[in-house]
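File shown here: run-v5.csv, holding CSV, C-alpha atoms.
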```
chain,number,residue,atom,x,y,z
A,1,MET,CA,12.3,-20.5,19.9
A,2,SER,CA,13.2,-17.6,17.7
A,3,GLY,CA,10.7,-15.3,16.0
A,4,THR,CA,10.2,-14.9,12.3
A,5,LEU,CA,11.8,-12.2,10.2
A,6,TYR,CA,9.3,-10.7,7.8
A,7,LEU,CA,10.4,-8.8,4.8
A,8,VAL,CA,7.8,-6.0,4.5
A,9,PRO,CA,7.6,-4.2,1.2
A,10,ALA,CA,6.8,-0.5,1.2
A,11,PRO,CA,5.0,1.5,-1.5
A,12,LEU,CA,7.1,3.1,-4.2
A,13,ASP,CA,6.0,6.7,-3.4
A,14,PHE,CA,8.8,7.6,-1.0
A,15,GLY,CA,10.0,11.2,-1.8
A,16,CYS,CA,7.2,11.7,-4.4
A,17,ASP,CA,4.7,14.6,-4.4
A,18,GLU,CA,1.7,12.3,-3.8
A,19,GLU,CA,1.1,9.2,-1.8
A,20,VAL,CA,-0.6,6.1,-3.3
A,21,ALA,CA,-3.4,4.4,-1.4
A,22,LEU,CA,-1.8,1.4,0.3
A,23,ALA,CA,-4.7,-0.9,-0.4
A,24,GLU,CA,-4.1,-0.4,-4.1
A,25,VAL,CA,-0.5,-1.6,-4.1
A,26,LEU,CA,-0.2,-3.9,-1.1
A,27,PRO,CA,-2.2,-7.0,-0.4
A,28,GLU,CA,-4.5,-7.2,2.6
A,29,GLY,CA,-2.4,-10.0,4.0
A,30,THR,CA,0.8,-8.0,3.9
A,31,LEU,CA,-0.8,-5.0,5.6
A,32,ARG,CA,-2.4,-7.2,8.3
A,33,ARG,CA,0.9,-9.0,9.0
A,34,ALA,CA,2.8,-5.7,9.2
A,35,ALA,CA,0.2,-4.3,11.7
A,36,GLN,CA,0.9,-7.3,14.0
A,37,LEU,CA,4.6,-6.6,14.3
A,38,THR,CA,6.2,-4.5,17.0
A,39,HIS,CA,9.9,-4.9,16.3
A,40,TRP,CA,11.5,-3.4,13.2
A,41,VAL,CA,14.8,-2.9,11.4
A,42,CYS,CA,14.7,-0.1,8.9
A,43,GLU,CA,16.7,2.4,6.9
A,44,ASN,CA,15.2,5.4,8.7
A,45,ALA,CA,13.1,5.4,11.8
A,46,ARG,CA,11.1,8.5,10.8
A,47,SER,CA,10.0,7.1,7.5
A,48,CYS,CA,9.3,3.7,9.2
A,49,ARG,CA,7.0,5.4,11.6
A,50,ALA,CA,5.3,7.3,8.8
A,51,TYR,CA,4.7,4.0,7.0
A,52,LEU,CA,3.3,2.4,10.2
A,53,LYS,CA,1.0,5.4,10.6
A,54,ARG,CA,-0.4,4.8,7.1
A,55,ILE,CA,-0.9,1.1,7.9
A,56,ALA,CA,-2.7,2.0,11.2
A,57,ALA,CA,-5.3,3.9,9.2
A,58,LEU,CA,-6.3,0.5,7.7
A,59,HIS,CA,-5.4,-2.0,10.4
A,60,PRO,CA,-5.0,-1.4,14.2
A,61,LEU,CA,-1.3,-1.7,15.2
A,62,ALA,CA,-0.4,-4.3,17.8
A,63,ALA,CA,1.3,-1.5,19.8
A,64,PRO,CA,1.0,2.3,19.5
A,65,LEU,CA,3.6,4.1,17.4
A,66,GLN,CA,5.5,5.4,20.4
A,67,GLU,CA,5.8,1.8,21.7
A,68,GLN,CA,7.1,0.3,18.5
A,69,HIS,CA,10.7,-1.0,18.8
A,70,ILE,CA,12.6,0.4,15.8
A,71,VAL,CA,16.3,0.2,15.1
A,72,GLU,CA,18.1,1.7,12.1
A,73,LEU,CA,20.8,0.2,9.9
A,74,PRO,CA,24.0,2.1,10.4
A,75,ARG,CA,24.7,5.1,8.2
A,76,ALA,CA,27.8,3.3,6.8
A,77,VAL,CA,25.5,0.6,5.4
A,78,HIS,CA,23.5,3.3,3.6
A,79,LYS,CA,26.6,4.7,2.0
A,80,LYS,CA,28.4,1.5,1.1
A,81,GLY,CA,25.7,-1.1,1.2
A,82,ASP,CA,25.7,-4.4,3.1
A,83,HIS,CA,25.5,-6.9,0.2
A,84,ASP,CA,29.2,-7.9,0.4
A,85,GLY,CA,28.8,-9.9,3.6
A,86,GLN,CA,31.1,-7.6,5.7
A,87,PHE,CA,28.6,-6.0,8.0
A,88,ASN,CA,27.4,-8.1,11.0
A,89,ALA,CA,23.8,-7.4,11.6
A,90,ALA,CA,23.4,-10.0,14.4
A,91,PRO,CA,23.0,-7.3,17.2
A,92,LEU,CA,20.1,-5.8,15.3
A,93,ILE,CA,18.1,-9.0,15.5
A,94,ALA,CA,18.4,-9.7,19.2
A,95,PRO,CA,14.6,-9.4,19.7
A,96,LEU,CA,14.2,-12.0,17.0
A,97,LEU,CA,16.3,-14.5,18.9
A,98,ALA,CA,14.3,-13.6,22.1
A,99,GLY,CA,11.2,-14.9,20.4
A,100,HIS,CA,9.8,-11.7,18.9
A,101,ASP,CA,8.7,-11.6,15.2
A,102,MET,CA,10.5,-8.7,13.4
A,103,GLY,CA,9.9,-6.7,10.3
A,104,LEU,CA,12.6,-5.5,7.9
A,105,VAL,CA,11.5,-2.5,5.9
A,106,SER,CA,13.1,-0.1,3.4
A,107,GLU,CA,11.9,3.3,2.3
A,108,ALA,CA,10.5,1.9,-0.9
A,109,GLY,CA,9.8,-1.5,-2.4
A,110,MET,CA,11.2,-4.8,-1.2
A,111,PRO,CA,14.0,-4.5,1.4
A,112,ALA,CA,17.3,-6.0,0.5
A,113,VAL,CA,16.6,-5.6,-3.2
A,114,ALA,CA,18.2,-2.5,-4.6
A,115,ASP,CA,18.2,-1.4,-1.0
A,116,PRO,CA,20.1,-2.3,2.2
A,117,GLY,CA,18.9,-5.2,4.4
A,118,SER,CA,20.6,-8.3,3.1
A,119,SER,CA,22.8,-8.4,6.1
A,120,VAL,CA,19.8,-8.6,8.4
A,121,VAL,CA,18.4,-11.5,6.3
A,122,ARG,CA,21.7,-13.2,6.4
A,123,ALA,CA,22.0,-12.9,10.1
A,124,ALA,CA,18.5,-14.4,10.6
A,125,HIS,CA,19.4,-17.4,8.4
A,126,GLU,CA,22.7,-17.9,10.4
A,127,ALA,CA,20.7,-17.8,13.6
A,128,GLY,CA,18.2,-20.4,12.3
A,129,ALA,CA,15.3,-18.0,12.3
A,130,PRO,CA,12.6,-18.3,9.6
A,131,VAL,CA,12.6,-15.6,6.9
A,132,VAL,CA,9.3,-14.8,5.2
A,133,PRO,CA,9.1,-12.3,2.3
A,134,LEU,CA,5.7,-10.6,2.1
A,135,VAL,CA,4.1,-9.7,-1.2
A,136,GLY,CA,4.4,-6.1,-2.5
A,137,PRO,CA,5.8,-3.9,-5.3
A,138,VAL,CA,9.3,-4.5,-6.6
A,139,SER,CA,10.2,-1.8,-9.0
A,140,LEU,CA,12.9,-3.7,-10.8
A,141,LEU,CA,10.6,-6.6,-11.8
A,142,LEU,CA,7.7,-4.2,-12.7
A,143,ALA,CA,10.0,-2.3,-14.9
A,144,LEU,CA,11.4,-5.4,-16.5
A,145,ALA,CA,8.0,-6.8,-17.2
A,146,ALA,CA,6.9,-3.6,-18.9
A,147,SER,CA,10.0,-3.0,-20.9
A,148,GLY,CA,9.6,-5.5,-23.7
A,149,LEU,CA,13.2,-6.6,-23.1
A,150,ASN,CA,14.5,-10.1,-22.2
A,151,GLY,CA,12.9,-11.2,-19.0
A,152,GLN,CA,14.6,-14.6,-19.1
A,153,ASN,CA,18.1,-13.3,-18.8
A,154,PHE,CA,18.7,-10.0,-17.0
A,155,ALA,CA,20.9,-8.3,-14.4
A,156,PHE,CA,20.5,-5.4,-12.0
A,157,VAL,CA,23.7,-3.4,-11.7
A,158,GLY,CA,22.7,-0.7,-9.2
A,159,TYR,CA,24.0,2.8,-9.8
A,160,LEU,CA,26.4,3.8,-12.6
A,161,PRO,CA,29.5,5.9,-11.9
A,162,GLN,CA,29.0,9.6,-11.4
A,163,ASP,CA,32.2,10.6,-13.2
A,164,ALA,CA,31.3,11.2,-16.9
A,165,GLY,CA,34.3,9.2,-18.3
A,166,GLU,CA,33.8,6.2,-16.0
A,167,ARG,CA,30.0,6.3,-16.6
A,168,ALA,CA,30.5,6.2,-20.4
A,169,GLN,CA,32.9,3.3,-20.1
A,170,ARG,CA,30.5,1.4,-17.9
A,171,LEU,CA,27.6,2.0,-20.3
A,172,ARG,CA,29.5,0.6,-23.2
A,173,ALA,CA,30.4,-2.5,-21.2
A,174,LEU,CA,26.8,-3.0,-20.1
A,175,GLU,CA,25.6,-2.5,-23.7
A,176,ALA,CA,28.1,-5.1,-24.9
A,177,LEU,CA,26.6,-7.6,-22.5
A,178,ALA,CA,23.1,-6.7,-23.5
A,179,LEU,CA,23.7,-7.0,-27.2
A,180,ASN,CA,26.1,-10.0,-27.3
A,181,GLN,CA,24.5,-12.1,-24.7
A,182,GLY,CA,20.9,-10.9,-24.8
A,183,GLN,CA,21.0,-10.0,-21.1
A,184,THR,CA,18.9,-7.1,-20.2
A,185,GLN,CA,20.7,-4.6,-18.0
A,186,LEU,CA,18.8,-2.7,-15.4
A,187,PHE,CA,20.1,0.3,-13.3
A,188,ILE,CA,18.8,3.2,-11.3
A,189,GLU,CA,19.9,6.7,-10.4
A,190,THR,CA,19.1,9.3,-7.7
A,191,PRO,CA,16.3,11.3,-9.2
A,192,TYR,CA,18.1,14.7,-9.3
A,193,ARG,CA,20.8,13.0,-11.5
A,194,ASN,CA,18.2,11.5,-14.0
A,195,ALA,CA,18.9,14.2,-16.6
A,196,ALA,CA,22.7,13.7,-16.6
A,197,LEU,CA,22.3,9.9,-16.9
A,198,TRP,CA,19.8,10.4,-19.7
A,199,GLN,CA,22.1,12.5,-21.8
A,200,ALA,CA,24.9,10.0,-21.3
A,201,LEU,CA,22.6,7.2,-22.5
A,202,LEU,CA,21.7,9.1,-25.7
A,203,GLN,CA,25.3,10.0,-26.3
A,204,HIS,CA,27.0,6.7,-25.8
A,205,LEU,CA,24.6,3.9,-26.7
A,206,GLN,CA,24.4,2.6,-30.2
A,207,PRO,CA,21.4,3.8,-32.3
A,208,ASN,CA,19.6,0.4,-32.4
A,209,THR,CA,20.1,-0.5,-28.7
A,210,ARG,CA,16.7,-0.6,-27.0
A,211,LEU,CA,16.3,1.7,-24.0
A,212,ALA,CA,13.4,1.5,-21.6
A,213,ILE,CA,12.5,3.8,-18.7
A,214,ALA,CA,9.9,3.2,-16.0
A,215,ALA,CA,9.1,6.2,-13.8
A,216,GLY,CA,6.7,6.5,-11.0
A,217,LEU,CA,5.7,2.9,-11.0
A,218,THR,CA,2.3,2.2,-9.3
A,219,LEU,CA,1.8,5.9,-9.0
A,220,THR,CA,-0.5,8.3,-10.9
A,221,PRO,CA,0.7,9.3,-13.3
A,222,SER,CA,3.4,6.8,-14.2
A,223,ARG,CA,5.5,6.6,-17.3
A,224,VAL,CA,6.8,3.4,-19.0
A,225,GLU,CA,8.3,3.8,-22.5
A,226,SER,CA,10.6,1.5,-24.5
A,227,ARG,CA,12.2,2.3,-27.9
A,228,ALA,CA,15.4,2.3,-29.9
A,229,VAL,CA,18.0,4.9,-28.9
A,230,ARG,CA,17.8,6.5,-32.4
A,231,GLN,CA,14.1,7.1,-31.8
A,232,TRP,CA,14.8,8.6,-28.3
A,233,ARG,CA,17.3,10.9,-29.9
A,234,GLN,CA,14.6,12.2,-32.3
A,235,GLN,CA,12.2,12.7,-29.4
A,236,ASN,CA,14.6,13.3,-26.5
A,237,ALA,CA,11.9,13.3,-23.7
A,238,PRO,CA,14.0,12.8,-20.6
A,239,PRO,CA,12.5,11.7,-17.3
A,240,ASP,CA,12.0,14.5,-14.7
A,241,ASN,CA,14.4,15.1,-11.8
A,242,ARG,CA,11.9,14.3,-9.0
A,243,THR,CA,10.6,10.8,-9.8
A,244,PRO,CA,12.5,7.5,-9.2
A,245,VAL,CA,13.2,5.8,-12.5
A,246,VAL,CA,14.4,2.3,-13.5
A,247,PHE,CA,16.4,2.3,-16.7
A,248,ALA,CA,16.9,-0.8,-18.8
A,249,ILE,CA,18.9,-1.5,-22.0
A,250,GLY,CA,18.7,-4.5,-24.3
A,251,ARG,CA,18.1,-5.7,-27.8
```

As structure tokens - that is how I would like this structure written.
Amino acid sequence: MSGTLYLVPAPLDFGCDEEVALAEVLPEGTLRRAAQLTHWVCENARSCRAYLKRIAALHPLAAPLQEQHIVELPRAVHKKGDHDGQFNAAPLIAPLLAGHDMGLVSEAGMPAVADPGSSVVRAAHEAGAPVVPLVGPVSLLLALAASGLNGQNFAFVGYLPQDAGERAQRLRALEALALNQGQTQLFIETPYRNAALWQALLQHLQPNTRLAIAAGLTLTPSRVESRAVRQWRQQNAPPDNRTPVVFAIGR
């Protein structure tokens, strides 16, 4: 019999100045299950070990850190993603097929959501192995819930183009969807490019379009604000260039 693939969420403080207490953002059951696992697929082995070390402070690990079996997704997956079904992750889950439970973990939030990992989940399904998502923070849903925008019809569109002209064109297309269909559009950016995206939003969106930002979710301090673009233009308080932000536009 195969093992079970557990999708293990991680706290949203990766790359931030301060760490949040795990017990405040992750349920006891999630932490306890993660501590029982000894085989992992991750984005980065170093950050995976750091996360396991934090878990070990609350729950004894089933195996010491140096005896944990940790494999990384290939670098190409980090660059291009694995959501299109082209990458075969079957070799990464060999321990699963040998009967070991495995954990899939990303550097922040829920693996395979706005992060790599869907290929691993797909491989587990194709092998007939159970897949169990554990409870934890998902920044996209937290941001959507706090935005005041339409939570019944929404889309996550990932990163916007870095080229200024292409980004402006993409923003106008997403705004048209949001305004004409009432579909909230969510997107993210690498923190050091937050300022450039912010200026593009204020420059290209219509004055009455609603723009929400959710920065540092689950952290202290966090920032969640939602107002019309014309109001943002009067205030122009951009997010900083260190904190992960979820942006959302709607009506």

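Excluding Ala196 in chain A itself and any same-chain residue fewer than 6 positions from it, the protein and nucleic acid residues within 12 Å of it, counting only C-alpha atoms, are Leu160, Pro161, Gln162, Asp163, Ala164, Arg167, Ala168, Glu189, Thr190, Leu202, Gln203, Pro238, Pro239, Asp240 and Asn241 of chain A.
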
Dump as a ChimeraX atom specification all residues having an atom at most 8 Å from (1.6, -6.9, 4.8), computed in the file's coordinates with all atoms listed in the file. /A:8-9,26-35,134-136

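A search radius of 10 Å centred on (14.4, -2.0, -24.5), applied to only C-alpha atoms, returns the residues Leu144, Ala146, Ser147, Gly148, Leu149, Asn150, Ala178, Thr184, Gln185, Asn208, Thr209, Arg210, Leu211, Ala212, Ile213, Glu225, Ser226, Arg227, Ala228, Val229, Phe247, Ala248, Ile249, Gly250 and Arg251 of chain A.
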
Near range 18-23 of chain A, counting all atoms listed in the file, which residues have an atom at most 12 Å away, once you skip same-chain residues fewer than 4 positions from it, shown as a ChimeraX atom specification? /A:9-14,27-32,50-59,108,136-137,216-222,242-243

Can you pull out every residue within 8 Å of Gly85 in chain A, counting all atoms listed in the file, but drop anything in the same chain fewer than 3 positions away, and send it as a PyMOL selection string? chain A and resi 82+88+119

I want to know what sits within 9 Å of His204 in chain A, based on all atoms listed in the file, with residues of the same chain fewer than 4 positions away left out; could you give that as a list in words? Ala168, Gln169, Leu171, Arg172, Gln199 and Ala200 of chain A

Please provide the set of residues having any atom within 10 Å of Phe87 in chain A, restricted to only C-alpha atoms, with same-chain residues fewer than 2 positions apart removed, written as a PyMOL selection string. chain A and resi 74+76-77+81-85+89-90+118-120+123

Next, the residues of the selection above should be written as a PDB file, in the coordinates of the input with C-alpha atoms.
```
ATOM      1  CA  PRO A  74      24.000   2.100  10.400  1.00  0.00           C
ATOM      2  CA  ALA A  76      27.800   3.300   6.800  1.00  0.00           C
ATOM      3  CA  VAL A  77      25.500   0.600   5.400  1.00  0.00           C
ATOM      4  CA  GLY A  81      25.700  -1.100   1.200  1.00  0.00           C
ATOM      5  CA  ASP A  82      25.700  -4.400   3.100  1.00  0.00           C
ATOM      6  CA  HIS A  83      25.500  -6.900   0.200  1.00  0.00           C
ATOM      7  CA  ASP A  84      29.200  -7.900   0.400  1.00  0.00           C
ATOM      8  CA  GLY A  85      28.800  -9.900   3.600  1.00  0.00           C
ATOM      9  CA  ALA A  89      23.800  -7.400  11.600  1.00  0.00           C
ATOM     10  CA  ALA A  90      23.400 -10.000  14.400  1.00  0.00           C
ATOM     11  CA  SER A 118      20.600  -8.300   3.100  1.00  0.00           C
ATOM     12  CA  SER A 119      22.800  -8.400   6.100  1.00  0.00           C
ATOM     13  CA  VAL A 120      19.800  -8.600   8.400  1.00  0.00           C
ATOM     14  CA  ALA A 123      22.000 -12.900  10.100  1.00  0.00           C
TER      15      ALA A 123
END
```

One-decimal distance in Å that lies between CA of Val105 in chain A and CA of Glu43 in chain A: 7.2 Å

Can you work out the spacing between CA of Val245 in chain A and CA of Trp232 in chain A in Å, to one decimal? 16.1 Å

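Distance check against Gly99 in chain A using only C-alpha atoms: of A:Leu5, A:Val25, A:Leu142, A:Val246, the minimum falls on A:Leu5.
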
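Restricting the calculation to all atoms listed in the file, the smallest distance between Arg49 in chain A and any of A:Gln86, A:Pro95, A:Gln181, A:Glu107 is found for A:Glu107.
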
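Take CA of Gly128 in chain A and CA of Ser106 in chain A: the distance between them is 22.7 Å.
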